[in-house]
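K.L.:
Provided herewith: data-v6.txt, compact mmCIF, C-alpha atoms.
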```txt
# COMPACT_ATOMS: atom_id res chain seq x y z
CA MET A 17 -30.91 1.63 5.47
CA ASN A 18 -32.68 0.82 2.19
CA CYS A 19 -32.99 -2.53 0.40
CA GLN A 20 -29.91 -2.01 -1.72
CA GLU A 21 -27.75 -1.24 1.30
CA LEU A 22 -29.17 -4.26 3.11
CA ILE A 23 -28.14 -6.56 0.25
CA ASP A 24 -24.61 -5.13 0.42
CA PHE A 25 -24.42 -6.08 4.09
CA LEU A 26 -25.81 -9.63 3.70
CA ILE A 27 -22.45 -11.38 3.69
CA ASP A 28 -21.30 -9.66 6.88
CA TYR A 29 -24.67 -10.13 8.56
CA ARG A 30 -24.70 -13.86 7.93
CA ALA A 31 -21.09 -14.18 9.04
CA GLY A 32 -21.94 -12.31 12.26
CA ASP A 33 -19.41 -9.61 11.30
CA LEU A 34 -21.74 -6.61 11.19
CA PRO A 35 -20.95 -3.93 13.82
CA PRO A 36 -23.80 -3.51 16.39
CA LYS A 37 -25.06 -0.22 14.99
CA GLN A 38 -25.30 -1.53 11.43
CA ARG A 39 -26.78 -4.79 12.63
CA GLU A 40 -29.52 -2.88 14.41
CA ALA A 41 -30.28 -0.83 11.27
CA PHE A 42 -30.23 -4.03 9.22
CA GLU A 43 -32.71 -5.76 11.50
CA GLN A 44 -34.95 -2.69 11.71
CA HIS A 45 -35.19 -2.62 7.92
CA LEU A 46 -35.81 -6.37 7.82
CA ALA A 47 -38.70 -6.08 10.26
CA LYS A 48 -40.59 -3.70 8.01
CA CYS A 49 -39.62 -5.05 4.56
CA PRO A 50 -41.07 -8.50 3.64
CA PRO A 51 -39.23 -8.64 0.26
CA CYS A 52 -35.89 -8.20 2.05
CA LYS A 53 -36.89 -10.79 4.66
CA HIS A 54 -37.71 -13.20 1.82
CA TYR A 55 -34.42 -12.33 0.14
CA LEU A 56 -32.44 -13.00 3.32
CA ASP A 57 -34.22 -16.32 3.88
CA THR A 58 -33.54 -17.51 0.36
CA TYR A 59 -29.94 -16.22 0.47
CA CYS A 60 -29.33 -18.36 3.56
CA LYS A 61 -31.10 -21.33 1.98
CA THR A 62 -28.95 -20.97 -1.11
CA ILE A 63 -25.79 -21.34 0.97
CA ASP A 64 -27.13 -24.35 2.84
CA LEU A 65 -28.51 -26.02 -0.27
CA ALA A 66 -25.17 -25.59 -2.02
CA LYS A 67 -23.38 -27.14 0.93
CA ARG A 68 -25.75 -30.08 1.24
CA CYS A 69 -26.11 -30.73 -2.44
CA CYS A 70 -22.38 -30.90 -3.07
CA CYS A 71 -21.90 -33.57 -0.45
CA CYS A 72 -23.19 -37.03 -1.29
CA PRO A 73 -25.18 -38.14 1.76
CA GLU A 74 -24.76 -41.81 0.92
CA ALA A 75 -20.99 -41.59 0.72
CA PRO A 76 -18.92 -41.88 3.91
CA LYS A 77 -17.40 -38.58 5.03
CA VAL A 78 -13.94 -40.01 4.68
CA PRO A 79 -14.05 -42.65 1.95
CA GLN A 80 -11.51 -45.39 1.45
CA VAL A 81 -9.58 -45.16 -1.79
CA PRO A 82 -10.77 -48.20 -3.80
CA ASP A 83 -8.11 -50.82 -4.49
CA GLU A 84 -8.31 -50.34 -8.25
CA LEU A 85 -7.74 -46.60 -7.84
CA VAL A 86 -4.76 -47.19 -5.54
CA LYS A 87 -3.33 -49.46 -8.23
CA ALA A 88 -4.04 -46.91 -10.98
CA ILE A 89 -2.28 -44.17 -9.02
CA LEU A 90 0.77 -46.34 -8.30
CA ASP A 91 0.91 -47.45 -11.96
CA ALA A 92 0.64 -43.82 -13.10
CA ARG A 93 3.58 -42.92 -10.84
CA LYS A 94 5.77 -45.49 -12.53
CA LYS A 95 4.82 -44.14 -15.96
CA SER A 96 5.24 -40.47 -15.04
CA MET B 3 -40.88 -37.28 -11.65
CA ARG B 4 -39.95 -33.71 -10.97
CA SER B 5 -41.83 -32.20 -8.10
CA ILE B 6 -41.95 -28.59 -6.99
CA ALA B 7 -43.49 -29.70 -3.72
CA ALA B 8 -40.57 -31.97 -3.03
CA VAL B 9 -38.09 -29.23 -3.62
CA ARG B 10 -40.03 -26.96 -1.35
CA ILE B 11 -39.98 -29.36 1.58
CA PHE B 12 -36.31 -29.99 1.06
CA CYS B 13 -35.70 -26.26 1.09
CA PHE B 14 -37.93 -25.84 4.12
CA SER B 15 -35.96 -28.39 6.08
CA VAL B 16 -32.82 -26.45 5.16
CA LEU B 17 -34.39 -23.13 6.21
CA LEU B 18 -34.78 -24.06 9.84
CA LEU B 19 -31.07 -23.97 10.54
CA SER B 20 -29.95 -21.65 7.83
CA CYS B 21 -30.10 -18.05 8.98
CA SER B 22 -28.39 -18.10 12.31
CA PRO B 23 -24.70 -17.13 12.38
CA PRO B 24 -22.59 -20.23 11.65
CA ALA B 25 -20.60 -22.03 14.30
CA PRO B 26 -16.84 -21.45 14.22
CA TYR B 27 -15.30 -23.69 11.59
CA ARG B 28 -11.91 -25.36 11.49
CA SER B 29 -10.93 -26.53 8.06
CA PRO B 30 -8.21 -29.11 7.45
CA MET B 31 -6.06 -26.22 6.25
CA SER B 32 -6.25 -24.52 9.62
CA GLN B 33 -4.79 -27.45 11.51
CA ILE B 34 -1.25 -26.33 10.91
CA ASP B 35 1.50 -27.80 12.99
CA VAL B 36 5.07 -26.71 12.44
CA HIS B 37 6.45 -30.19 13.20
CA LEU B 38 5.71 -33.54 11.63
CA ASP B 39 5.19 -36.38 14.05
CA GLY B 40 7.65 -39.27 13.94
CA GLU B 41 5.42 -41.48 11.83
CA GLU B 42 4.88 -38.77 9.21
CA GLN B 43 8.58 -37.90 9.11
CA ASP B 44 9.42 -41.58 8.64
CA LEU B 45 6.93 -41.83 5.78
CA VAL B 46 8.33 -38.71 4.12
CA ASP B 47 11.87 -40.09 4.46
CA ARG B 48 10.80 -43.37 2.89
CA LEU B 49 9.06 -41.57 0.02
CA ARG B 50 12.17 -39.52 -0.61
CA SER B 51 14.29 -42.66 -0.71
CA GLY B 52 11.96 -44.19 -3.33
CA ASP B 53 10.50 -46.90 -1.08
CA GLU B 54 7.71 -48.44 -3.19
CA ALA B 55 5.66 -49.51 -0.17
CA ALA B 56 5.70 -45.95 1.15
CA TYR B 57 3.86 -44.69 -1.93
CA GLU B 58 1.08 -47.19 -1.36
CA THR B 59 0.94 -46.27 2.33
CA LEU B 60 0.59 -42.61 1.42
CA VAL B 61 -2.28 -43.30 -0.99
CA ARG B 62 -4.13 -45.64 1.35
CA ASP B 63 -3.64 -43.61 4.55
CA TYR B 64 -4.12 -40.10 3.16
CA GLY B 65 -6.17 -40.63 -0.01
CA GLY B 66 -9.60 -40.94 1.61
CA PRO B 67 -9.94 -37.34 2.79
CA MET B 68 -8.43 -36.16 -0.49
CA LEU B 69 -11.01 -38.13 -2.46
CA ALA B 70 -13.74 -36.55 -0.33
CA VAL B 71 -12.38 -33.11 -1.27
CA THR B 72 -12.26 -33.82 -4.99
CA ARG B 73 -15.78 -35.30 -4.88
CA ARG B 74 -17.16 -32.20 -3.16
CA LEU B 75 -15.51 -29.83 -5.59
CA LEU B 76 -16.15 -31.76 -8.78
CA GLY B 77 -19.52 -33.33 -8.10
CA ASN B 78 -18.94 -36.62 -9.87
CA ASP B 79 -16.93 -39.67 -9.02
CA ASP B 80 -15.07 -40.15 -12.31
CA ASP B 81 -13.64 -36.62 -12.29
CA ALA B 82 -12.95 -36.89 -8.55
CA ARG B 83 -10.89 -40.06 -9.09
CA ASP B 84 -8.99 -38.49 -11.98
CA ALA B 85 -8.23 -35.44 -9.85
CA LEU B 86 -7.07 -37.64 -6.98
CA GLN B 87 -4.68 -39.42 -9.31
CA ASP B 88 -3.39 -36.07 -10.61
CA ALA B 89 -2.98 -34.88 -7.02
CA PHE B 90 -0.91 -37.87 -5.98
CA ILE B 91 1.30 -37.65 -9.06
CA SER B 92 1.93 -33.98 -8.18
CA ALA B 93 2.61 -34.91 -4.56
CA PHE B 94 5.05 -37.69 -5.49
CA LYS B 95 6.95 -35.27 -7.70
CA ALA B 96 6.99 -32.53 -5.07
CA ILE B 97 7.83 -34.63 -2.01
CA ASP B 98 11.48 -33.51 -2.11
CA ARG B 99 10.30 -29.91 -1.78
CA PHE B 100 7.94 -30.62 1.12
CA GLN B 101 9.23 -28.45 3.94
CA GLY B 102 7.47 -30.07 6.87
CA ASP B 103 6.12 -26.70 8.02
CA ALA B 104 2.56 -28.09 7.83
CA ARG B 105 1.12 -31.49 8.54
CA LEU B 106 1.39 -33.92 5.66
CA SER B 107 -2.42 -34.10 5.52
CA THR B 108 -2.62 -30.30 5.22
CA TRP B 109 -0.10 -30.25 2.39
CA LEU B 110 -1.94 -33.05 0.58
CA HIS B 111 -5.30 -31.33 1.08
CA ARG B 112 -3.95 -28.27 -0.64
CA ILE B 113 -2.65 -30.35 -3.54
CA ALA B 114 -6.01 -32.13 -3.86
CA VAL B 115 -7.86 -28.78 -3.96
CA ASN B 116 -5.51 -27.52 -6.67
CA ALA B 117 -5.94 -30.70 -8.74
CA ALA B 118 -9.73 -30.42 -8.44
CA LEU B 119 -9.67 -26.75 -9.44
CA MET B 120 -7.58 -27.55 -12.51
CA LYS B 121 -10.03 -30.27 -13.48
CA LEU B 122 -12.95 -27.94 -12.86
CA ARG B 123 -11.54 -25.29 -15.16
CA ALA B 124 -10.99 -27.86 -17.89
CA GLN B 125 -14.58 -29.14 -17.72
CA ARG B 126 -16.76 -28.25 -20.67
CA ARG B 127 -19.88 -26.51 -19.51
CA ARG B 128 -23.22 -26.18 -21.15
CA ARG B 129 -23.48 -22.47 -20.52
CA GLU B 130 -22.18 -19.77 -18.25
CA ARG B 131 -24.42 -16.89 -17.19
CA PRO B 132 -22.95 -13.36 -17.00
CA ILE B 133 -22.79 -12.36 -13.34
CA GLU B 134 -24.36 -8.93 -13.87
CA GLU B 135 -27.65 -10.34 -15.12
CA LEU B 136 -27.97 -12.35 -11.92
CA MET B 137 -27.57 -9.49 -9.45
CA PRO B 138 -30.66 -8.29 -7.56
CA ARG B 139 -32.62 -5.49 -9.19
CA PHE B 140 -33.76 -2.34 -7.42
CA THR B 141 -36.22 0.42 -8.14
CA SER B 142 -34.94 3.98 -8.49
CA ASN B 143 -35.53 4.64 -4.78
CA GLY B 144 -33.50 1.57 -3.70
CA HIS B 145 -36.31 -0.93 -3.09
CA ILE B 146 -35.68 -4.53 -4.08
CA GLN B 147 -37.74 -6.08 -6.83
CA HIS B 148 -39.43 -9.13 -5.34
CA ASP B 149 -39.08 -12.25 -7.53
CA GLY B 150 -41.97 -14.06 -5.84
CA ALA B 151 -40.55 -17.58 -6.17
CA ARG B 152 -41.59 -19.93 -3.36
CA TRP B 153 -38.84 -22.06 -1.91
CA VAL B 154 -40.58 -24.07 0.81
CA SER B 155 -42.34 -27.38 0.60
CA GLU B 156 -43.76 -30.30 2.51
CA ASP B 157 -42.47 -33.47 0.99
CA ASP B 158 -39.04 -34.85 0.18
CA SER B 159 -38.43 -38.37 -0.99
CA PRO B 160 -34.84 -39.51 -1.59
CA ALA B 161 -35.39 -39.36 -5.36
CA GLU B 162 -36.63 -35.78 -5.12
CA ARG B 163 -33.69 -34.76 -2.95
CA GLU B 164 -31.44 -36.25 -5.62
CA GLU B 165 -33.20 -34.12 -8.22
CA THR B 166 -32.58 -31.01 -6.12
CA ARG B 167 -28.92 -31.95 -5.75
CA ARG B 168 -28.63 -32.28 -9.51
CA LEU B 169 -30.29 -28.90 -10.02
CA VAL B 170 -28.12 -27.08 -7.47
CA ARG B 171 -24.94 -28.57 -8.93
CA GLU B 172 -26.07 -27.60 -12.41
CA LYS B 173 -26.73 -24.02 -11.30
CA ILE B 174 -23.35 -23.75 -9.57
CA ASN B 175 -21.83 -24.77 -12.89
CA GLU B 176 -23.59 -21.87 -14.60
CA LEU B 177 -21.67 -19.36 -12.48
CA PRO B 178 -18.71 -17.67 -14.16
CA ASP B 179 -15.53 -19.55 -13.28
CA ASN B 180 -14.02 -16.93 -10.92
CA TYR B 181 -17.21 -16.87 -8.89
CA ARG B 182 -17.88 -20.59 -8.99
CA THR B 183 -14.39 -21.33 -7.69
CA VAL B 184 -14.70 -18.97 -4.74
CA LEU B 185 -18.13 -20.31 -3.84
CA LEU B 186 -16.86 -23.89 -3.93
CA LEU B 187 -13.81 -23.14 -1.81
CA ARG B 188 -15.60 -20.98 0.77
CA ASP B 189 -19.07 -22.49 1.04
CA ILE B 190 -18.50 -26.12 0.04
CA GLU B 191 -14.91 -26.82 1.05
CA GLU B 192 -15.21 -24.32 3.91
CA LEU B 193 -11.80 -22.78 3.54
CA ASP B 194 -11.56 -19.37 5.20
CA THR B 195 -11.07 -16.14 3.29
CA ARG B 196 -7.28 -16.12 3.72
CA GLN B 197 -6.86 -19.72 2.62
CA THR B 198 -9.08 -19.15 -0.40
CA ALA B 199 -7.11 -16.04 -1.32
CA GLU B 200 -3.87 -18.03 -1.11
CA HIS B 201 -5.21 -20.81 -3.31
CA LEU B 202 -6.38 -18.38 -5.98
CA ASN B 203 -3.56 -15.88 -5.62
CA VAL B 204 -5.93 -12.95 -5.15
CA SER B 205 -6.52 -10.56 -2.25
CA GLU B 206 -8.90 -11.34 0.61
CA SER B 207 -11.13 -8.44 -0.41
CA VAL B 208 -11.47 -9.94 -3.90
CA VAL B 209 -12.47 -13.26 -2.33
CA LYS B 210 -15.08 -11.55 -0.20
CA THR B 211 -16.56 -9.60 -3.10
CA ARG B 212 -16.65 -12.64 -5.37
CA LEU B 213 -18.24 -14.79 -2.67
CA HIS B 214 -20.96 -12.21 -2.09
CA ARG B 215 -21.76 -11.92 -5.78
CA ALA B 216 -21.54 -15.70 -6.32
CA ARG B 217 -24.10 -16.31 -3.58
CA LEU B 218 -26.44 -13.63 -4.97
CA ALA B 219 -26.08 -15.10 -8.45
CA LEU B 220 -26.68 -18.67 -7.32
CA ARG B 221 -29.71 -17.52 -5.37
CA ALA B 222 -31.07 -15.87 -8.54
CA LEU B 223 -30.45 -19.01 -10.62
CA LEU B 224 -32.19 -21.24 -8.06
CA SER B 225 -35.05 -18.79 -7.70
CA GLU B 226 -35.57 -18.81 -11.48
CA ALA B 227 -35.53 -22.61 -11.49
CA PHE B 228 -37.96 -22.94 -8.59
CA ALA B 229 -40.30 -20.39 -10.17
CA ARG B 230 -40.27 -22.50 -13.36
CA GLY B 231 -40.88 -25.69 -11.40
CA GLU B 232 -37.52 -27.26 -12.25
CA ALA B 233 -36.02 -29.88 -9.97
```
Could you render the structure as structure tokens?
P.N.:
Amino acid sequence: MNCQELIDFLIDYRAGDLPPKQREAFEQHLAKCPPCKHYLDTYCKTIDLAKRCCCCPEAPKVPQVPDELVKAILDARKKS
Amino acid sequence: MRSIAAVRIFCFSVLLLSCSPPAPYRSPMSQIDVHLDGEEQDLVDRLRSGDEAAYETLVRDYGGPMLAVTRRLLGNDDDARDALQDAFISAFKAIDRFQGDARLSTWLHRIAVNAALMKLRAQRRRRERPIEELMPRFTSNGHIQHDGARWVSEDDSPAEREETRRLVREKINELPDNYRTVLLLRDIEELDTRQTAEHLNVSESVVKTRLHRARLALRALLSEAFARGEA
């Protein structure tokens, strides 16, 4: 497996969907290729950063709909 | 003040958990039940009969999770509130067509996602980067070209984390729309491939390809930003 092939398999590797033989080849390449190891690390960080940065940590996981928004929605229904 | 060090520590804290295979995920869309419970059926009946109080009950009891969805997908509260309002207006109009083959919350989640996607597509964006220029580059013998950007750090104050959040959101918005949408649905909203394909009316293989390329492109955009010391 070369670097280009490894990149093609990243999505399946991270999802745990790579068949054992390909996973072994993937990890063998990773062990001897620091740029690919760096790429994998930053690929995984990208996914986690995206997830964390799109969720506001201060906001409750399930917010209450503010009263004024409830009113706006009900008013909009009457006008629609 | 922008701080590369702060971004690096934030990234480092993310790294520790990031590369192991993810735990099985159950999205709201996967919690399908072919029967409504009595309370939900009663609410649907009241909505269909035009009971004013039922509309308020629907908004108050089901709106919170929907608002969370629109916030995640849109990234700002004003747009999220607008999308929630659009979602409820759509739901009120469609309640007669609601089949009851999914939980009410599942049906409303889907409507909220659609309202957020419509809002997202209508948003004016500063710039959109062509996907091809963000793909990894290889030498003629297949070796990857190392970009050298450092992503780890040792310090992360709340203000600096906020700066990173702003940067990441900004970079997601630079992805071409087809790729941005898939990334938001799969990686942020955590829908599975089938659910994402249904939302976007494309095949599962298209979703998978777009997700792969969207992640590679976002990685490239963040790497560029970190190398320049943004965030």
K.L.:
Place a sphere of radius 6 Å on (-36.2, -2.1, 1.9) in the file coordinates and name every protein, DNA or RNA residue with an atom inside or on its surface, counting all atoms listed in the file; give the answer as an mmCIF file with C-alpha atoms, in the frame of the given file.
P.N.:
```cif
data_model
loop_
_atom_site.group_PDB
_atom_site.id
_atom_site.type_symbol
_atom_site.label_atom_id
_atom_site.label_comp_id
_atom_site.auth_asym_id
_atom_site.auth_seq_id
_atom_site.Cartn_x
_atom_site.Cartn_y
_atom_site.Cartn_z
ATOM 1 C CA ASN A 18 -32.680 0.820 2.190
ATOM 2 C CA CYS A 19 -32.990 -2.530 0.400
ATOM 3 C CA CYS A 49 -39.620 -5.050 4.560
ATOM 4 C CA HIS B 145 -36.310 -0.930 -3.090
#
```
K.L.:
In Å, with one decimal, what is the gap from atom CA of B:Pro138 to atom CA of B:Val184?
P.N.:
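If I compute the distance from atom CA of B:Pro138 to atom CA of B:Val184, I get 19.4 Å.
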K.L.:
Report, in Å to a single decimal, how far apart atom CA of B:Arg74 and atom CA of B:Glu191 are.
P.N.:
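That distance, rounded to one decimal, is 7.2 Å.
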K.L.:
Near chain B, meaning an atom within 9 Å, which residues of chain A appear when counting only C-alpha atoms? Write them as a VMD selection string.
P.N.:
chain A and resid 18 to 21 23 to 24 26 to 27 29 to 32 51 to 52 54 to 72 75 to 83 85 to 90 92 to 93 96
K.L.:
For atom CA of B:Ala216 and atom CA of B:Glu130, quote the distance in Å rounded to one decimal.
P.N.:
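Taking atom CA of B:Ala216 as the start and atom CA of B:Glu130 as the end point, the length is 12.6 Å.
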K.L.:
Using all atoms listed in the file, can you tell me which of B:Asp39, B:Asp47, B:Glu226, B:Glu200 comes closest to B:Arg112?
P.N.:
B:Glu200
K.L.:
Which residue, B:Asp81, B:Val46, B:Leu187, B:Thr72, has the smallest gap to B:Ala93 when you use all atoms listed in the file?
P.N.:
B:Val46
